[in-house]
>>> print(open('input_20.pdb').read())   # PDB, C-alpha atoms
ATOM      1  CA  MET A   1    -167.580 -92.807  43.299
ATOM      2  CA  PRO A   2    -166.224 -94.416  46.493
ATOM      3  CA  GLN A   3    -168.296 -94.083  49.640
ATOM      4  CA  ALA A   4    -165.359 -93.509  51.997
ATOM      5  CA  THR A   5    -161.727 -92.439  51.873
ATOM      6  CA  ALA A   6    -160.421 -95.815  53.003
ATOM      7  CA  HIS A   7    -160.686 -99.313  51.618
ATOM      8  CA  VAL A   8    -160.780-102.565  53.584
ATOM      9  CA  ARG A   9    -160.785-105.792  51.630
ATOM     10  CA  PRO A  10    -160.574-109.547  52.226
ATOM     11  CA  VAL A  11    -157.202-111.266  52.402
ATOM     12  CA  ARG A  12    -155.974-112.233  48.952
ATOM     13  CA  LYS A  13    -152.900-113.658  47.273
ATOM     14  CA  THR A  14    -149.825-111.498  47.917
ATOM     15  CA  ARG A  15    -146.195-111.896  46.899
ATOM     16  CA  ALA A  16    -143.894-110.185  49.443
ATOM     17  CA  ARG A  17    -140.249-109.734  48.481
ATOM     18  CA  LEU A  18    -136.978-108.104  49.489
ATOM     19  CA  SER A  19    -135.132-107.005  46.349
ATOM     20  CA  LYS A  20    -131.541-105.832  46.927
ATOM     21  CA  VAL A  21    -130.079-106.135  43.426
ATOM     22  CA  ALA A  22    -132.792-107.658  41.203
ATOM     23  CA  SER A  23    -134.347-105.733  38.326
ATOM     24  CA  VAL A  24    -137.872-104.390  38.501
ATOM     25  CA  ARG A  25    -139.151-107.158  36.213
ATOM     26  CA  ASP A  26    -137.629-109.898  38.366
ATOM     27  CA  THR A  27    -138.987-108.215  41.492
ATOM     28  CA  ILE A  28    -142.604-108.123  40.292
ATOM     29  CA  ALA A  29    -142.466-111.501  38.503
ATOM     30  CA  GLY A  30    -145.795-113.287  38.896
ATOM     31  CA  PHE A  31    -147.864-110.136  39.155
ATOM     32  CA  GLY A  32    -151.200-110.527  37.428
ATOM     33  CA  LYS A  33    -154.934-110.015  37.572
ATOM     34  CA  GLY A  34    -156.287-109.783  41.102
ATOM     35  CA  LEU A  35    -152.829-110.134  42.683
ATOM     36  CA  ASP A  36    -150.538-108.033  44.877
ATOM     37  CA  VAL A  37    -146.787-107.616  44.976
ATOM     38  CA  VAL A  38    -145.319-105.838  47.987
ATOM     39  CA  GLY A  39    -141.619-105.267  48.360
ATOM     40  CA  LEU A  40    -138.618-103.510  49.802
ATOM     41  CA  THR A  41    -135.868-102.399  47.432
ATOM     42  CA  PHE A  42    -132.378-100.979  47.781
ATOM     43  CA  GLY A  43    -133.112 -98.204  45.297
ATOM     44  CA  GLN A  44    -131.914-100.073  42.223
ATOM     45  CA  PHE A  45    -135.057 -99.080  40.303
ATOM     46  CA  SER A  46    -137.427 -96.145  40.413
ATOM     47  CA  LEU A  47    -141.152 -95.530  40.532
ATOM     48  CA  LEU A  48    -141.090 -94.862  36.801
ATOM     49  CA  ASP A  49    -139.402 -98.248  36.283
ATOM     50  CA  LEU A  50    -142.391 -99.815  38.076
ATOM     51  CA  VAL A  51    -144.737 -97.923  35.759
ATOM     52  CA  ASP A  52    -142.731 -99.123  32.746
ATOM     53  CA  ALA A  53    -142.931-102.749  33.877
ATOM     54  CA  ALA A  54    -146.652-102.474  34.631
ATOM     55  CA  LEU A  55    -147.388-101.004  31.183
ATOM     56  CA  GLU A  56    -145.661-104.001  29.598
ATOM     57  CA  LEU A  57    -148.360-106.136  31.229
ATOM     58  CA  THR A  58    -151.391-103.895  30.803
ATOM     59  CA  GLY A  59    -150.750-102.505  27.338
ATOM     60  CA  PRO A  60    -151.645 -98.875  26.544
ATOM     61  CA  ALA A  61    -153.387 -97.273  29.505
ATOM     62  CA  ASP A  62    -154.431 -94.036  31.173
ATOM     63  CA  VAL A  63    -151.896 -93.035  33.824
ATOM     64  CA  ALA A  64    -152.085 -90.685  36.806
ATOM     65  CA  ILE A  65    -148.971 -89.951  38.874
ATOM     66  CA  SER A  66    -148.879 -88.307  42.296
ATOM     67  CA  THR A  67    -145.426 -87.268  43.493
ATOM     68  CA  TRP A  68    -143.721 -84.908  45.929
ATOM     69  CA  SER A  69    -140.796 -84.365  43.550
ATOM     70  CA  ALA A  70    -139.930 -85.247  39.961
ATOM     71  CA  GLY A  71    -136.570 -85.670  38.257
ATOM     72  CA  PHE A  72    -135.939 -84.263  34.794
ATOM     73  CA  TYR A  73    -134.858 -87.697  33.509
ATOM     74  CA  ASP A  74    -138.063 -89.359  34.698
ATOM     75  CA  VAL A  75    -140.234 -86.642  33.161
ATOM     76  CA  ALA A  76    -138.418 -87.123  29.843
ATOM     77  CA  ALA A  77    -138.880 -90.899  30.083
ATOM     78  CA  ALA A  78    -142.607 -90.457  30.719
ATOM     79  CA  GLU A  79    -142.725 -88.265  27.624
ATOM     80  CA  ARG A  80    -141.195 -91.114  25.606
ATOM     81  CA  PHE A  81    -143.840 -93.506  26.989
ATOM     82  CA  ARG A  82    -146.547 -91.123  25.784
ATOM     83  CA  ASP A  83    -144.982 -90.537  22.364
ATOM     84  CA  SER A  84    -144.611 -94.282  21.794
ATOM     85  CA  GLY A  85    -148.328 -94.831  22.433
ATOM     86  CA  ARG A  86    -147.870 -96.767  25.678
ATOM     87  CA  ILE A  87    -149.649 -94.015  27.644
ATOM     88  CA  ARG A  88    -153.061 -93.028  26.276
ATOM     89  CA  SER A  89    -153.363 -90.080  28.668
ATOM     90  CA  ILE A  90    -151.365 -88.803  31.632
ATOM     91  CA  ARG A  91    -152.087 -86.555  34.617
ATOM     92  CA  PHE A  92    -149.827 -85.342  37.407
ATOM     93  CA  LEU A  93    -150.487 -84.276  40.981
ATOM     94  CA  MET A  94    -147.427 -82.486  42.359
ATOM     95  CA  ASP A  95    -146.429 -80.729  45.541
ATOM     96  CA  SER A  96    -146.505 -76.977  45.046
ATOM     97  CA  SER A  97    -143.231 -76.159  46.821
ATOM     98  CA  ALA A  98    -140.020 -75.669  44.833
ATOM     99  CA  LYS A  99    -137.403 -78.460  44.924
ATOM    100  CA  ARG A 100    -133.748 -77.748  44.130
ATOM    101  CA  GLY A 101    -132.524 -79.714  41.119
ATOM    102  CA  GLN A 102    -135.964 -81.189  40.433
ATOM    103  CA  ALA A 103    -138.504 -80.578  37.700
ATOM    104  CA  SER A 104    -141.057 -77.953  38.714
ATOM    105  CA  VAL A 105    -144.788 -77.979  38.081
ATOM    106  CA  THR A 106    -144.131 -75.546  35.219
ATOM    107  CA  ASP A 107    -141.452 -77.856  33.739
ATOM    108  CA  VAL A 108    -143.885 -80.778  33.692
ATOM    109  CA  GLY A 109    -146.589 -78.542  32.229
ATOM    110  CA  ASP A 110    -144.218 -77.410  29.476
ATOM    111  CA  VAL A 111    -143.727 -81.044  28.422
ATOM    112  CA  PHE A 112    -147.240 -82.461  28.791
ATOM    113  CA  GLY A 113    -149.369 -79.305  28.787
ATOM    114  CA  PRO A 114    -150.433 -77.238  31.824
ATOM    115  CA  GLU A 115    -153.866 -78.889  31.707
ATOM    116  CA  THR A 116    -152.260 -82.200  32.760
ATOM    117  CA  VAL A 117    -150.832 -80.876  36.059
ATOM    118  CA  ARG A 118    -152.309 -79.776  39.371
ATOM    119  CA  ALA A 119    -150.225 -78.476  42.289
ATOM    120  CA  THR A 120    -151.205 -78.611  45.941
ATOM    121  CA  ARG A 121    -149.839 -79.452  49.396
ATOM    122  CA  LEU A 122    -148.926 -83.055  48.646
ATOM    123  CA  HIS A 123    -146.696 -85.846  49.918
ATOM    124  CA  ALA A 124    -148.612 -88.883  48.595
ATOM    125  CA  LYS A 125    -146.742 -91.033  46.094
ATOM    126  CA  PHE A 126    -148.955 -93.248  43.941
ATOM    127  CA  VAL A 127    -149.710 -94.203  40.336
ATOM    128  CA  THR A 128    -152.902 -95.468  38.732
ATOM    129  CA  ILE A 129    -152.728 -97.394  35.446
ATOM    130  CA  THR A 130    -156.136 -98.157  33.985
ATOM    131  CA  ASN A 131    -157.727 -99.491  30.829
ATOM    132  CA  THR A 132    -160.603-101.820  29.990
ATOM    133  CA  ASP A 133    -158.860-104.863  31.449
ATOM    134  CA  TRP A 134    -156.676-103.517  34.266
ATOM    135  CA  SER A 135    -156.979-101.335  37.370
ATOM    136  CA  VAL A 136    -153.407-101.173  38.648
ATOM    137  CA  LEU A 137    -152.515 -99.098  41.692
ATOM    138  CA  ILE A 138    -148.903 -98.549  42.763
ATOM    139  CA  THR A 139    -148.256 -96.982  46.155
ATOM    140  CA  SER A 140    -144.697 -96.325  47.245
ATOM    141  CA  SER A 141    -142.255 -94.274  49.271
ATOM    142  CA  MET A 142    -140.525 -93.439  45.965
ATOM    143  CA  ASN A 143    -140.863 -90.085  44.253
ATOM    144  CA  LEU A 144    -140.657 -89.701  40.481
ATOM    145  CA  ASN A 145    -136.866 -89.662  40.468
ATOM    146  CA  LEU A 146    -133.838 -91.814  41.222
ATOM    147  CA  ASN A 147    -133.915 -92.993  44.846
ATOM    148  CA  PRO A 148    -130.599 -94.722  45.776
ATOM    149  CA  ARG A 149    -131.840 -95.787  49.209
ATOM    150  CA  CYS A 150    -134.131 -98.380  50.752
ATOM    151  CA  GLU A 151    -137.683 -97.895  49.438
ATOM    152  CA  GLN A 152    -140.978 -99.745  49.696
ATOM    153  CA  PHE A 153    -143.769-100.306  47.188
ATOM    154  CA  GLU A 154    -147.030-102.160  46.679
ATOM    155  CA  MET A 155    -148.505-102.963  43.271
ATOM    156  CA  THR A 156    -152.050-104.282  43.073
ATOM    157  CA  ASP A 157    -154.698-104.951  40.462
ATOM    158  CA  ASP A 158    -157.867-103.963  42.339
ATOM    159  CA  PRO A 159    -160.724-101.935  40.785
ATOM    160  CA  ILE A 160    -162.101-100.672  44.115
ATOM    161  CA  ARG A 161    -158.744 -99.529  45.476
ATOM    162  CA  CYS A 162    -157.775 -97.982  42.158
ATOM    163  CA  GLU A 163    -161.114 -96.140  41.947
ATOM    164  CA  LEU A 164    -160.498 -94.402  45.278
ATOM    165  CA  PHE A 165    -157.193 -92.934  44.082
ATOM    166  CA  THR A 166    -158.537 -92.154  40.600
ATOM    167  CA  SER A 167    -161.502 -90.350  42.163
ATOM    168  CA  PHE A 168    -159.110 -88.319  44.286
ATOM    169  CA  VAL A 169    -157.191 -87.251  41.170
ATOM    170  CA  ASP A 170    -160.489 -86.413  39.425
ATOM    171  CA  ALA A 171    -161.631 -84.301  42.379
ATOM    172  CA  VAL A 172    -158.354 -82.352  42.628
ATOM    173  CA  PHE A 173    -158.361 -81.688  38.879
ATOM    174  CA  ALA A 174    -161.955 -80.449  39.067
ATOM    175  CA  GLU A 175    -161.249 -78.220  42.071
ATOM    176  CA  LEU A 176    -157.881 -76.615  41.304
ATOM    177  CA  PRO A 177    -156.728 -74.529  38.331
ATOM    178  CA  GLU A 178    -154.140 -75.952  35.982
ATOM    179  CA  GLY A 179    -150.406 -75.314  36.201
ATOM    180  CA  ASP A 180    -148.308 -73.847  38.986
ATOM    181  CA  THR A 181    -150.527 -71.889  41.380
ATOM    182  CA  GLU A 182    -148.093 -72.077  44.350
ATOM    183  CA  ASP A 183    -151.128 -73.143  46.385
ATOM    184  CA  ARG A 184    -150.100 -74.380  49.856
ATOM    185  CA  GLN A 185    -153.589 -75.355  50.976
ATOM    186  CA  LEU A 186    -155.032 -78.849  51.015
ATOM    187  CA  PRO A 187    -157.812 -79.430  48.476
ATOM    188  CA  SER A 188    -161.298 -79.965  49.848
ATOM    189  CA  VAL A 189    -162.146 -82.869  47.441
ATOM    190  CA  ALA A 190    -165.741 -82.383  48.592
ATOM    191  CA  ALA A 191    -166.985 -84.677  45.806
ATOM    192  CA  ILE A 192    -165.633 -87.708  47.686
ATOM    193  CA  GLU A 193    -167.496 -88.836  50.798
ATOM    194  CA  SER A 194    -165.081 -88.705  53.713
ATOM    195  CA  VAL A 195    -164.815 -91.024  56.700
ATOM    196  CA  GLN A 196    -166.313 -89.239  59.696
ATOM    197  CA  PRO A 197    -164.848 -89.423  63.206
ATOM    198  CA  ASP A 198    -166.531 -91.414  65.960
ATOM    199  CA  LEU A 199    -167.158 -88.732  68.594
ATOM    200  CA  GLY A 200    -168.362 -91.179  71.228
ATOM    201  CA  ILE A 201    -171.637 -89.302  71.689
ATOM    202  CA  GLU A 202    -175.112 -89.800  70.299
ATOM    203  CA  ILE A 203    -177.121 -86.918  68.884
ATOM    204  CA  THR A 204    -180.813 -87.171  69.823
ATOM    205  CA  ARG A 205    -183.834 -85.096  68.961
ATOM    206  CA  THR A 206    -183.946 -81.498  70.233
ATOM    207  CA  ILE A 207    -185.187 -81.132  73.816
ATOM    208  CA  ARG A 208    -187.771 -78.369  74.095
ATOM    209  CA  THR A 209    -188.547 -76.477  77.277
ATOM    210  CA  GLY A 210    -191.407 -74.204  78.264
ATOM    211  CA  PRO A 211    -195.029 -74.358  77.105
ATOM    212  CA  TRP A 212    -195.645 -75.924  73.702
ATOM    213  CA  ASP A 213    -198.496 -77.615  71.849
ATOM    214  CA  ASN A 214    -198.645 -81.395  71.386
TER     215      ASN A 214
END
>>> encode(input="input_20.pdb", output="structure tokens")
Amino acid sequence: MPQATAHVRPVRKTRARLSKVASVRDTIAGFGKGLDVVGLTFGQFSLLDLVDAALELTGPADVAISTWSAGFYDVAAAERFRDSGRIRSIRFLMDSSAKRGQASVTDVGDVFGPETVRATRLHAKFVTITNTDWSVLITSSMNLNLNPRCEQFEMTDDPIRCELFTSFVDAVFAELPEGDTEDRQLPSVAAIESVQPDLGIEITRTIRTGPWDN
């Protein structure tokens, strides 16, 4: 369990790229163990395309997806990944508000089972892909749908970073009921130690006044 809700790490090898027309595989070429790829795209591939390309490297893995919205096509593609054995297990965190023309929490639950979905007040877009050998974390501005506009992403193989996001998913799943609850509150995720603010004051022992025994 991580000891704080932020992660600071030493500088390491990063490949930074602008990808205007290249495929997802060309864009992340060179990604491997202990490496980062960070990039800007022109929307020519989606978050699910990144997941697809990552699974080609990692082999079958457990996947968790956090998204504000989800397209029907991408949900169906994820179902094909599962049915082909490329995804050993899958979980979704989704925003609980309705989106016109997008798959709802109930739609995703109908495909993968309501036990695989939790809905809350959410705008974070990330994916964890984990197995014995890999701890891949993808963070991105992309939702789980087609995004024909400039987007950014970062893909990293980092056990500590991945554990923070996986622990968040674990905590939300433990706290909230399955399926579409229409809950518009933020989860407490009390199981994860949170960074505390620096108040700029020091708390000392209690000062006592009046008569008292030594």
>>> resolve_selection(input="input_20.pdb", expression="the PyMOL selection byres ((chain A and resi 33) around 9)", output="CSV table (one decimal) with C-alpha atoms, in the coordinates of the input")
chain,number,residue,atom,x,y,z
A,31,PHE,CA,-147.9,-110.1,39.2
A,32,GLY,CA,-151.2,-110.5,37.4
A,34,GLY,CA,-156.3,-109.8,41.1
A,35,LEU,CA,-152.8,-110.1,42.7
A,36,ASP,CA,-150.5,-108.0,44.9
A,133,ASP,CA,-158.9,-104.9,31.4
A,134,TRP,CA,-156.7,-103.5,34.3
A,135,SER,CA,-157.0,-101.3,37.4
A,156,THR,CA,-152.0,-104.3,43.1
A,157,ASP,CA,-154.7,-105.0,40.5
A,158,ASP,CA,-157.9,-104.0,42.3
>>> residues_around(input="input_20.pdb", residues="Val38 (chain A)", least_positions_apart="2", cutoff="12 Å", atoms="only C-alpha atoms", output="list in words")
Lys13, Thr14, Arg15, Ala16, Arg17, Leu18, Ser19, Thr27, Ile28, Ala29, Gly30, Phe31, Leu35, Asp36, Leu40, Thr41, Leu50, Leu137, Ile138, Thr139, Ser140, Glu151, Gln152, Phe153, Glu154, Met155 and Thr156 of chain A
>>> resolve_selection(input="input_20.pdb", expression="the PyMOL selection byres ((chain A and resi 69) around 8)", output="list in words")
Thr67, Trp68, Ala70, Gly71, Met94, Asp95, Lys99, Gln102, Ala103, Asn143, Leu144 and Asn145 of chain A
>>> axis_aligned_box(input="input_20.pdb", around="region 11-29 of chain A", padding_each_side="8 Å", output="AutoDock Vina command-line options")
--center_x -143.6 --center_y -109.0 --center_z 44.3 --size_x 43.1 --size_y 25.3 --size_z 32.2
>>> atom_distance(input="input_20.pdb", atom1="CA of Phe42 (chain A)", atom2="CA of Phe126 (chain A)")
18.7 Å
>>> atom_distance(input="input_20.pdb", atom1="CA of Val24 (chain A)", atom2="CA of Ala119 (chain A)")
29.0 Å
>>> atom_distance(input="input_20.pdb", atom1="CA of Leu176 (chain A)", atom2="CA of Arg118 (chain A)")
6.7 Å
>>> residues_around(input="input_20.pdb", residues="Gln44 (chain A)", least_positions_apart="5", cutoff="9 Å", atoms="all atoms listed in the file", output="list in words")
Ser19, Lys20, Val21, Ala22, Ser23, Val24, Leu146, Asn147, Pro148, Arg149 and Cys150 of chain A
>>> resolve_selection(input="input_20.pdb", expression="the PyMOL selection byres ((chain A and resi 113) around 12)", output="list in words")
Glu79, Ser89, Ile90, Arg91, Phe92, Val105, Thr106, Asp107, Val108, Gly109, Asp110, Val111, Phe112, Pro114, Glu115, Thr116, Val117, Arg118, Glu178, Gly179 and Asp180 of chain A
>>> closest_residue(input="input_20.pdb", among="A:Leu57, A:Ala77, A:Val136, A:Val172", to="Gln185 (chain A)", atoms="only C-alpha atoms")
A:Val172
>>> closest_residue(input="input_20.pdb", among="A:Leu186, A:Leu93, A:Cys162, A:Ala78", to="Ile65 (chain A)", atoms="all atoms listed in the file")
A:Leu93
>>> closest_residue(input="input_20.pdb", among="A:Val75, A:Val169, A:Ile87, A:Met142", to="Thr120 (chain A)", atoms="all atoms listed in the file")
A:Val169
>>> build_atoms(input="input_20.pdb", residues="region 102-118 of chain A", atoms="N, CA and C atoms", output="compact mmCIF listing (two decimals), in the frame of the given file")
# COMPACT_ATOMS: atom_id res chain seq x y z
N GLN A 102 -134.88 -80.34 40.87
CA GLN A 102 -135.96 -81.19 40.43
C GLN A 102 -136.85 -80.44 39.44
N ALA A 103 -137.57 -81.19 38.64
CA ALA A 103 -138.50 -80.58 37.70
C ALA A 103 -139.64 -79.90 38.46
N SER A 104 -139.97 -78.69 38.06
CA SER A 104 -141.06 -77.95 38.71
C SER A 104 -142.39 -78.30 38.06
N VAL A 105 -143.46 -77.81 38.67
CA VAL A 105 -144.79 -77.98 38.08
C VAL A 105 -144.82 -77.37 36.68
N THR A 106 -144.19 -76.20 36.53
CA THR A 106 -144.13 -75.55 35.22
C THR A 106 -143.36 -76.38 34.21
N ASP A 107 -142.24 -77.00 34.64
CA ASP A 107 -141.45 -77.86 33.74
C ASP A 107 -142.30 -79.01 33.21
N VAL A 108 -143.04 -79.66 34.11
CA VAL A 108 -143.88 -80.78 33.69
C VAL A 108 -144.99 -80.28 32.76
N GLY A 109 -145.56 -79.12 33.08
CA GLY A 109 -146.59 -78.54 32.23
C GLY A 109 -146.07 -78.18 30.85
N ASP A 110 -144.81 -77.75 30.78
CA ASP A 110 -144.22 -77.41 29.48
C ASP A 110 -144.10 -78.64 28.58
N VAL A 111 -143.89 -79.81 29.19
CA VAL A 111 -143.73 -81.04 28.42
C VAL A 111 -145.08 -81.64 28.04
N PHE A 112 -145.98 -81.74 29.00
CA PHE A 112 -147.24 -82.46 28.79
C PHE A 112 -148.45 -81.55 28.62
N GLY A 113 -148.26 -80.24 28.85
CA GLY A 113 -149.37 -79.31 28.79
C GLY A 113 -149.82 -78.94 30.19
N PRO A 114 -150.04 -77.65 30.47
CA PRO A 114 -150.43 -77.24 31.82
C PRO A 114 -151.74 -77.87 32.28
N GLU A 115 -152.59 -78.28 31.33
CA GLU A 115 -153.87 -78.89 31.71
C GLU A 115 -153.70 -80.27 32.32
N THR A 116 -152.50 -80.86 32.21
CA THR A 116 -152.26 -82.20 32.76
C THR A 116 -151.71 -82.18 34.18
N VAL A 117 -151.51 -80.98 34.76
CA VAL A 117 -150.83 -80.88 36.06
C VAL A 117 -151.68 -80.06 37.05
N ARG A 118 -151.74 -80.54 38.28
CA ARG A 118 -152.31 -79.78 39.37
C ARG A 118 -151.32 -79.78 40.52
